[in-house]
Structures are given as C-alpha cells and as structure tokens.
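With mmCIF, C-alpha atoms inside, this is my_file_18.cif:
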```cif
data_protein
loop_
_atom_site.label_atom_id
_atom_site.label_comp_id
_atom_site.auth_asym_id
_atom_site.auth_seq_id
_atom_site.Cartn_x
_atom_site.Cartn_y
_atom_site.Cartn_z
CA ASN A 1 -83.68 180.16 -18.83
CA ALA A 2 -83.74 176.40 -18.19
CA GLY A 3 -85.24 176.47 -14.67
CA VAL A 4 -84.67 173.11 -12.95
CA THR A 5 -82.94 170.43 -15.01
CA GLN A 6 -82.95 166.77 -13.99
CA THR A 7 -80.90 164.00 -15.56
CA PRO A 8 -81.37 161.24 -16.51
CA LYS A 9 -85.08 161.11 -17.44
CA PHE A 10 -85.23 157.32 -17.18
CA ARG A 11 -83.02 154.68 -15.61
CA ILE A 12 -83.21 150.97 -14.84
CA LEU A 13 -80.98 149.74 -12.03
CA LYS A 14 -80.27 146.28 -10.74
CA ILE A 15 -80.64 145.59 -7.02
CA GLY A 16 -77.50 146.68 -5.18
CA GLN A 17 -76.27 149.07 -7.87
CA SER A 18 -75.67 152.72 -7.13
CA MET A 19 -76.37 155.88 -9.07
CA THR A 20 -76.62 159.65 -8.76
CA LEU A 21 -79.62 161.63 -9.91
CA GLN A 22 -78.52 165.05 -11.05
CA CYS A 23 -80.40 168.29 -10.41
CA ALA A 24 -79.34 171.78 -11.43
CA GLN A 25 -81.13 175.13 -11.28
CA ASP A 26 -80.13 178.42 -12.86
CA MET A 27 -82.42 180.75 -10.93
CA ASN A 28 -80.05 181.36 -7.99
CA HIS A 29 -82.58 179.80 -5.62
CA ASN A 30 -81.39 179.08 -2.11
CA TYR A 31 -83.83 176.29 -1.35
CA MET A 32 -83.71 172.93 -3.11
CA TYR A 33 -85.62 169.70 -2.55
CA TRP A 34 -85.87 166.08 -3.60
CA TYR A 35 -89.26 164.39 -3.65
CA ARG A 36 -90.37 160.96 -4.74
CA GLN A 37 -93.80 160.25 -6.14
CA ASP A 38 -95.35 156.83 -5.65
CA PRO A 39 -98.72 156.04 -7.27
CA GLY A 40 -101.62 157.57 -5.33
CA MET A 41 -99.31 158.70 -2.54
CA GLY A 42 -98.50 162.24 -3.56
CA LEU A 43 -94.97 163.52 -3.21
CA LYS A 44 -92.81 162.59 -0.24
CA LEU A 45 -89.84 164.75 0.76
CA ILE A 46 -86.52 162.87 0.78
CA TYR A 47 -83.96 165.61 1.50
CA TYR A 48 -83.83 169.36 1.31
CA SER A 49 -81.28 172.16 1.43
CA VAL A 50 -81.65 175.81 2.48
CA GLY A 51 -78.35 176.86 0.96
CA ALA A 52 -74.93 175.69 -0.20
CA GLY A 53 -73.31 173.44 2.38
CA ILE A 54 -76.56 172.86 4.31
CA THR A 55 -78.72 169.77 3.91
CA ASP A 56 -81.31 168.06 6.05
CA LYS A 57 -83.49 164.96 6.04
CA GLY A 58 -87.08 164.99 4.96
CA GLU A 59 -89.80 162.43 5.54
CA VAL A 60 -88.24 159.43 3.72
CA PRO A 61 -84.41 159.80 3.71
CA ASN A 62 -83.39 156.17 4.24
CA GLY A 63 -81.33 154.75 1.39
CA TYR A 64 -80.42 158.17 0.00
CA ASN A 65 -77.72 160.81 0.41
CA VAL A 66 -77.34 164.36 -0.86
CA SER A 67 -74.75 167.08 -1.08
CA ARG A 68 -74.97 170.80 -1.86
CA SER A 69 -71.53 172.11 -2.71
CA THR A 70 -72.88 174.92 -4.91
CA THR A 71 -76.09 176.94 -5.06
CA GLU A 72 -76.90 175.47 -8.48
CA ASP A 73 -76.49 171.72 -7.94
CA PHE A 74 -78.23 169.27 -5.61
CA PRO A 75 -77.44 165.65 -6.56
CA LEU A 76 -79.25 162.70 -4.97
CA ARG A 77 -77.24 159.52 -4.40
CA LEU A 78 -78.61 155.97 -4.13
CA GLU A 79 -75.90 153.68 -2.75
CA LEU A 80 -77.53 150.23 -2.75
CA ALA A 81 -80.62 150.29 -4.92
CA ALA A 82 -83.64 148.35 -3.68
CA PRO A 83 -86.97 147.58 -5.42
CA SER A 84 -88.70 149.88 -2.88
CA GLN A 85 -86.86 152.79 -4.49
CA THR A 86 -88.69 152.31 -7.76
CA SER A 87 -90.43 155.65 -8.15
CA VAL A 88 -90.49 158.96 -9.99
CA TYR A 89 -88.09 161.45 -8.47
CA PHE A 90 -88.62 165.20 -8.65
CA CYS A 91 -86.16 167.91 -7.81
CA ALA A 92 -87.47 171.39 -6.99
CA SER A 93 -86.18 174.79 -5.98
CA SER A 94 -87.63 177.94 -4.47
CA ALA A 95 -86.37 181.46 -3.88
CA GLN A 96 -87.38 181.87 -0.25
CA GLN A 97 -90.00 181.23 2.37
CA GLY A 98 -93.55 181.51 1.18
CA TYR A 99 -92.78 181.05 -2.49
CA GLY A 100 -93.89 178.08 -4.52
CA TYR A 101 -91.54 175.57 -6.01
CA THR A 102 -90.22 175.21 -9.52
CA PHE A 103 -90.03 171.51 -10.33
CA GLY A 104 -87.88 169.60 -12.75
CA SER A 105 -89.50 167.19 -15.18
CA GLY A 106 -88.62 164.13 -13.11
CA THR A 107 -86.50 160.96 -13.27
CA ARG A 108 -88.33 157.65 -13.59
CA LEU A 109 -86.26 155.00 -11.80
CA THR A 110 -86.94 151.28 -11.88
CA VAL A 111 -84.99 148.87 -9.68
CA VAL A 112 -85.16 145.22 -10.75
CA ASP B 1 -100.14 159.72 9.13
CA GLN B 2 -101.06 161.87 6.14
CA GLN B 3 -101.17 165.48 7.20
CA VAL B 4 -102.65 166.58 3.87
CA LYS B 5 -105.37 164.49 2.30
CA GLN B 6 -107.19 164.58 -0.98
CA ASN B 7 -109.97 162.07 -0.53
CA SER B 8 -111.13 161.97 -4.14
CA PRO B 9 -108.58 160.22 -6.36
CA SER B 10 -110.47 161.25 -9.48
CA LEU B 11 -113.12 163.67 -10.70
CA SER B 12 -114.92 163.85 -14.05
CA VAL B 13 -116.59 167.09 -15.18
CA GLN B 14 -118.25 168.30 -18.36
CA GLU B 15 -116.59 171.12 -20.26
CA GLY B 16 -117.97 174.51 -19.22
CA ARG B 17 -119.09 173.31 -15.80
CA ILE B 18 -117.44 173.95 -12.43
CA SER B 19 -114.72 171.64 -11.08
CA ILE B 20 -114.31 171.53 -7.31
CA LEU B 21 -111.28 169.80 -5.88
CA ASN B 22 -111.07 169.33 -2.14
CA CYS B 23 -108.24 169.02 0.35
CA ASP B 24 -108.19 168.47 4.11
CA TYR B 25 -105.30 168.91 6.51
CA THR B 26 -104.64 167.97 10.12
CA ASN B 27 -101.67 170.13 11.12
CA SER B 28 -102.95 173.40 12.61
CA MET B 29 -99.45 174.88 12.19
CA PHE B 30 -99.82 175.02 8.40
CA ASP B 31 -100.07 178.64 7.34
CA TYR B 32 -99.55 178.60 3.58
CA PHE B 33 -101.38 176.48 1.04
CA LEU B 34 -100.76 175.86 -2.62
CA TRP B 35 -102.24 173.98 -5.55
CA TYR B 36 -100.08 172.37 -8.20
CA LYS B 37 -101.10 170.93 -11.54
CA LYS B 38 -99.30 168.00 -13.13
CA TYR B 39 -99.46 166.67 -16.68
CA PRO B 40 -98.09 163.19 -17.52
CA ALA B 41 -94.29 163.00 -17.88
CA GLU B 42 -93.89 166.54 -16.57
CA GLY B 43 -93.08 168.05 -13.20
CA PRO B 44 -95.82 169.73 -11.17
CA THR B 45 -96.40 173.41 -11.94
CA PHE B 46 -97.58 176.01 -9.49
CA LEU B 47 -101.20 177.07 -9.95
CA ILE B 48 -102.43 179.22 -7.08
CA SER B 49 -101.75 179.77 -3.39
CA ILE B 50 -103.37 181.21 -0.30
CA SER B 51 -102.06 182.45 3.01
CA SER B 52 -103.79 181.51 6.24
CA ILE B 53 -104.70 185.16 6.83
CA LYS B 54 -107.06 185.00 3.85
CA ASP B 55 -110.09 182.86 3.10
CA LYS B 56 -110.18 183.32 -0.67
CA ASN B 57 -107.77 183.96 -3.51
CA GLU B 58 -108.75 184.27 -7.14
CA ASP B 59 -106.73 184.10 -10.34
CA GLY B 60 -108.72 184.06 -13.54
CA ARG B 61 -110.74 180.84 -13.74
CA PHE B 62 -109.13 179.48 -10.56
CA THR B 63 -110.24 180.29 -7.02
CA VAL B 64 -108.96 178.75 -3.82
CA PHE B 65 -111.05 178.84 -0.65
CA LEU B 66 -109.67 178.23 2.82
CA ASN B 67 -111.74 177.27 5.86
CA LYS B 68 -109.29 177.24 8.76
CA SER B 69 -111.79 176.13 11.37
CA ALA B 70 -112.61 173.06 9.29
CA LYS B 71 -109.00 172.61 8.15
CA HIS B 72 -110.27 172.41 4.60
CA LEU B 73 -109.40 174.06 1.33
CA SER B 74 -110.88 173.75 -2.11
CA LEU B 75 -109.97 174.71 -5.64
CA HIS B 76 -112.72 175.88 -7.98
CA ILE B 77 -112.21 175.96 -11.73
CA VAL B 78 -114.87 177.86 -13.67
CA PRO B 79 -115.48 177.21 -16.48
CA SER B 80 -113.64 173.91 -16.83
CA GLN B 81 -111.79 173.28 -20.08
CA PRO B 82 -110.42 170.04 -21.59
CA GLY B 83 -106.88 171.44 -21.14
CA ASP B 84 -107.49 171.45 -17.39
CA SER B 85 -107.39 167.64 -17.41
CA ALA B 86 -104.44 166.80 -15.17
CA VAL B 87 -103.56 165.64 -11.66
CA TYR B 88 -103.98 168.37 -9.04
CA PHE B 89 -102.00 168.33 -5.80
CA CYS B 90 -102.69 170.48 -2.80
CA ALA B 91 -99.75 171.29 -0.57
CA ALA B 92 -99.17 173.05 2.73
CA SER B 93 -96.24 174.53 4.59
CA VAL B 94 -95.31 175.90 7.99
CA ASP B 95 -93.56 179.25 8.09
CA ASN B 96 -89.92 179.21 9.14
CA ALA B 97 -89.59 175.50 8.39
CA GLY B 98 -87.32 175.53 5.37
CA ASN B 99 -90.29 176.20 3.13
CA MET B 100 -90.93 172.45 2.99
CA LEU B 101 -94.19 171.50 1.36
CA THR B 102 -96.33 168.58 2.47
CA PHE B 103 -98.36 167.26 -0.44
CA GLY B 104 -101.67 165.48 -0.69
CA GLY B 105 -102.06 162.35 -2.80
CA GLY B 106 -103.51 164.16 -5.78
CA THR B 107 -106.85 164.22 -7.64
CA ARG B 108 -107.03 163.33 -11.31
CA LEU B 109 -109.39 165.73 -13.07
CA MET B 110 -110.91 164.75 -16.40
CA VAL B 111 -112.80 167.44 -18.29
CA LYS B 112 -114.95 165.94 -21.04
CA PRO B 113 -115.65 167.94 -24.20
#
```

Kindly transcribe the structure held in the file into structure tokens.
Amino acid sequence: NAGVTQTPKFRILKIGQSMTLQCAQDMNHNYMYWYRQDPGMGLKLIYYSVGAGITDKGEVPNGYNVSRSTTEDFPLRLELAAPSQTSVYFCASSAQQGYGYTFGSGTRLTVV
Amino acid sequence: DQQVKQNSPSLSVQEGRISILNCDYTNSMFDYFLWYKKYPAEGPTFLISISSIKDKNEDGRFTVFLNKSAKHLSLHIVPSQPGDSAVYFCAASVDNAGNMLTFGGGTRLMVKP
C-alpha cells in the first residue's frame, strides 16, 4: 500500500518553463489537496478536489492549475515558472470530512 | 492574516521532561483541530486530533488540550524522547468546507538526550 506518491522529488526549473507535479493515491480517497510549504510559513493550500471532476481554488492558486480526471490522480501544473514558486510542494488525500490527511513525501522545486 | 498561529518557532527540552507546544487560532468557525509531525525530507504525518465538543484527547504520551473560549490549543508530550525531535504543525478545519485544513507555521522541537 503506497499511500500518496509524489513525483519528482526534486526539480530545478528556469524562469518561464512549465512542468507538472504528479500526485497519485491508492486509498480510494475522495478528497485531495496541494499545499506549498515556505520556510516558517506553514503549509498554504493551493488547490483542492472533493472528487473526480471537481476542483477548487485554495488560498494561493495564482500561477497554478489542476485537474482531477480520476479518483487516484491529482496533478499540479505550473505554466510559467517564477522564482516566487520556489518551495516544497505537498500533495495530500483524505477519506472524508473530519479525517486527517495522508501526505506525500513532497517535491522540492527551485526556480532560477 | 494568519488564522492559525504557532508563536514559538522552536522549543528545546531535555529527554524525559514535558514538551508543551502551543497554538492559537482566530476563526471561531473552526471545529476540528489536528497536530501533525514532520521529519526532514518527509511529508507531515498525523499525530492526534480533537473535536470542538471536547477539551482533551489523549493518545499514549501525547495529549491535546483545547480551550475554545481562549481560542487556544496545546500539545503535551510526556515524557519527551529524542525521536520526538521534529517540526510540529497544528491545523484546524471548518466542518462542511471540503475538509480543508489551515496550518500554523510550525514549531521545531528539539529533545536533548
């Protein structure tokens, strides 16, 4: 049982490049989330999804896009990378309301 | 505006003693609170939670206390062990809101042998 799998673990992007951060879960969870963690700032919600085909913005969605075509996958897309997007990105899932999250191990992204 | 705040960025405790990590919140709509633990290069892992209908929840060495009137919660670890050294995040959610968690900035706990 893999839980939540994120790829890649590390990536360096040049300004203006694009990339997709992959997230997959094998627990049949309906809810999935993308957070970014900046030093000393905790985790900020980028986008979330309550089920396949349904996504919504979180606290810091600008510069990102998501899709949820299946229950298992929730990729995060960066179209025009900017230095402000240098961060550690965490994907998470949960079964339902009131349950804690299962997090992936994170993707460390540097934009230069 | 940070709705969930952890005002102590770091805490150092001797092995065997009590660790107390604090968290304050401003949104009175929060009704579910959680603590997560994070080791370097890993994702956060769930530690313990408490519903707003309770004021205490205990799980082994970990106890969470909730004071709704003060909008304050705390995590007690007794006795502290070197393996508890990690960053601890408190988080809060509002029911019927997509189960979104709002996280505090984290407290780095160092337990010295």

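Between atom CA of B:Ile18 and atom CA of B:Ile50 lies a distance of 19.9 Å.
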
**Message:** With the PyMOL selection byres ((chain B) within 10 of (chain A)) as the selection, what would be picked from this file? Answer as JSON, numbers by chain, please.
**Reply:** {"B": [2, 4, 5, 6, 9, 31, 32, 33, 34, 35, 36, 40, 41, 42, 43, 44, 45, 46, 47, 48, 49, 50, 51, 88, 89, 90, 91, 93, 94, 95, 96, 97, 98, 99, 100, 101, 102, 103, 104, 105, 106, 107, 108]}

Give the centre and edge lengths of an axis-aligned box, in Å to one decimal, that holds all listed atoms of stretch 62-74 of chain A with 3 Å on each side, as lines of an AutoDock Vina configuration file.
```
center_x = -77.5
center_y = 165.8
center_z = -2.1
size_x = 17.9
size_y = 28.2
size_z = 18.7
```

**Request:** Do a neighbour search on B:His72 at 9 Å with only C-alpha atoms, toss out local chain neighbours closer than 6 positions, and write the hits as a list of chain:residue names.
**Result:** B:Asn22, B:Cys23, B:Asp24, B:Tyr25, B:Phe65, B:Leu66

**Asked** At a cut-off of 6 Å from (-112.1, 167.3, -5.6) in the coordinates of the file, what residues are picked up using all atoms listed in the file, written as a list in words?
**Response**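 Result, sorted by chain then residue number: Ser8, Ile20, Leu21 and Asn22 of chain B.
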
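The coordinates place atom CA of B:Lys112 at 4.9 Å from atom CA of B:Gln14.
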
Because some atoms of stretch 34-49 of chain B are absent here, can you restore N, CA, C and O atoms and send them as a PDB file, keeping the file's coordinate frame?
```
ATOM      1  N   LEU B  34    -100.983 175.710  -1.193  1.00  0.00           N
ATOM      2  CA  LEU B  34    -100.760 175.860  -2.620  1.00  0.00           C
ATOM      3  C   LEU B  34    -101.458 174.735  -3.382  1.00  0.00           C
ATOM      4  O   LEU B  34    -101.685 173.660  -2.840  1.00  0.00           O
ATOM      5  N   TRP B  35    -101.761 174.997  -4.630  1.00  0.00           N
ATOM      6  CA  TRP B  35    -102.240 173.980  -5.550  1.00  0.00           C
ATOM      7  C   TRP B  35    -101.252 173.887  -6.712  1.00  0.00           C
ATOM      8  O   TRP B  35    -100.808 174.906  -7.249  1.00  0.00           O
ATOM      9  N   TYR B  36    -100.940 172.645  -7.066  1.00  0.00           N
ATOM     10  CA  TYR B  36    -100.080 172.370  -8.200  1.00  0.00           C
ATOM     11  C   TYR B  36    -100.856 171.506  -9.192  1.00  0.00           C
ATOM     12  O   TYR B  36    -101.699 170.692  -8.815  1.00  0.00           O
ATOM     13  N   LYS B  37    -100.477 171.676 -10.450  1.00  0.00           N
ATOM     14  CA  LYS B  37    -101.100 170.930 -11.540  1.00  0.00           C
ATOM     15  C   LYS B  37    -100.006 170.104 -12.205  1.00  0.00           C
ATOM     16  O   LYS B  37     -98.884 170.604 -12.413  1.00  0.00           O
ATOM     17  N   LYS B  38    -100.317 168.844 -12.543  1.00  0.00           N
ATOM     18  CA  LYS B  38     -99.300 168.000 -13.130  1.00  0.00           C
ATOM     19  C   LYS B  38     -99.858 167.250 -14.349  1.00  0.00           C
ATOM     20  O   LYS B  38    -100.840 166.524 -14.240  1.00  0.00           O
ATOM     21  N   TYR B  39     -99.167 167.445 -15.476  1.00  0.00           N
ATOM     22  CA  TYR B  39     -99.460 166.670 -16.680  1.00  0.00           C
ATOM     23  C   TYR B  39     -98.543 165.453 -16.700  1.00  0.00           C
ATOM     24  O   TYR B  39     -97.469 165.464 -16.090  1.00  0.00           O
ATOM     25  N   PRO B  40     -98.942 164.382 -17.417  1.00  0.00           N
ATOM     26  CA  PRO B  40     -98.090 163.190 -17.520  1.00  0.00           C
ATOM     27  C   PRO B  40     -96.701 163.510 -18.046  1.00  0.00           C
ATOM     28  O   PRO B  40     -96.550 164.345 -18.939  1.00  0.00           O
ATOM     29  N   ALA B  41     -95.695 162.871 -17.460  1.00  0.00           N
ATOM     30  CA  ALA B  41     -94.290 163.000 -17.880  1.00  0.00           C
ATOM     31  C   ALA B  41     -93.739 164.413 -17.690  1.00  0.00           C
ATOM     32  O   ALA B  41     -92.738 164.764 -18.311  1.00  0.00           O
ATOM     33  N   GLU B  42     -94.401 165.208 -16.880  1.00  0.00           N
ATOM     34  CA  GLU B  42     -93.890 166.540 -16.570  1.00  0.00           C
ATOM     35  C   GLU B  42     -93.851 166.723 -15.056  1.00  0.00           C
ATOM     36  O   GLU B  42     -94.525 166.016 -14.307  1.00  0.00           O
ATOM     37  N   GLY B  43     -93.062 167.713 -14.595  1.00  0.00           N
ATOM     38  CA  GLY B  43     -93.080 168.050 -13.200  1.00  0.00           C
ATOM     39  C   GLY B  43     -94.309 168.876 -12.850  1.00  0.00           C
ATOM     40  O   GLY B  43     -94.916 169.494 -13.721  1.00  0.00           O
ATOM     41  N   PRO B  44     -94.696 168.888 -11.581  1.00  0.00           N
ATOM     42  CA  PRO B  44     -95.820 169.730 -11.170  1.00  0.00           C
ATOM     43  C   PRO B  44     -95.522 171.201 -11.431  1.00  0.00           C
ATOM     44  O   PRO B  44     -94.374 171.638 -11.327  1.00  0.00           O
ATOM     45  N   THR B  45     -96.550 171.966 -11.756  1.00  0.00           N
ATOM     46  CA  THR B  45     -96.400 173.410 -11.940  1.00  0.00           C
ATOM     47  C   THR B  45     -97.323 174.146 -10.981  1.00  0.00           C
ATOM     48  O   THR B  45     -98.464 173.732 -10.749  1.00  0.00           O
ATOM     49  N   PHE B  46     -96.834 175.229 -10.459  1.00  0.00           N
ATOM     50  CA  PHE B  46     -97.580 176.010  -9.490  1.00  0.00           C
ATOM     51  C   PHE B  46     -98.825 176.622 -10.137  1.00  0.00           C
ATOM     52  O   PHE B  46     -98.778 177.155 -11.249  1.00  0.00           O
ATOM     53  N   LEU B  47     -99.941 176.556  -9.417  1.00  0.00           N
ATOM     54  CA  LEU B  47    -101.200 177.070  -9.950  1.00  0.00           C
ATOM     55  C   LEU B  47    -101.682 178.300  -9.172  1.00  0.00           C
ATOM     56  O   LEU B  47    -101.857 179.367  -9.732  1.00  0.00           O
ATOM     57  N   ILE B  48    -101.881 178.142  -7.892  1.00  0.00           N
ATOM     58  CA  ILE B  48    -102.430 179.220  -7.080  1.00  0.00           C
ATOM     59  C   ILE B  48    -102.125 178.923  -5.619  1.00  0.00           C
ATOM     60  O   ILE B  48    -101.950 177.767  -5.247  1.00  0.00           O
ATOM     61  N   SER B  49    -102.053 179.967  -4.805  1.00  0.00           N
ATOM     62  CA  SER B  49    -101.750 179.770  -3.390  1.00  0.00           C
ATOM     63  C   SER B  49    -102.639 180.660  -2.537  1.00  0.00           C
ATOM     64  O   SER B  49    -103.304 181.581  -3.041  1.00  0.00           O
TER      65      SER B  49
END
```
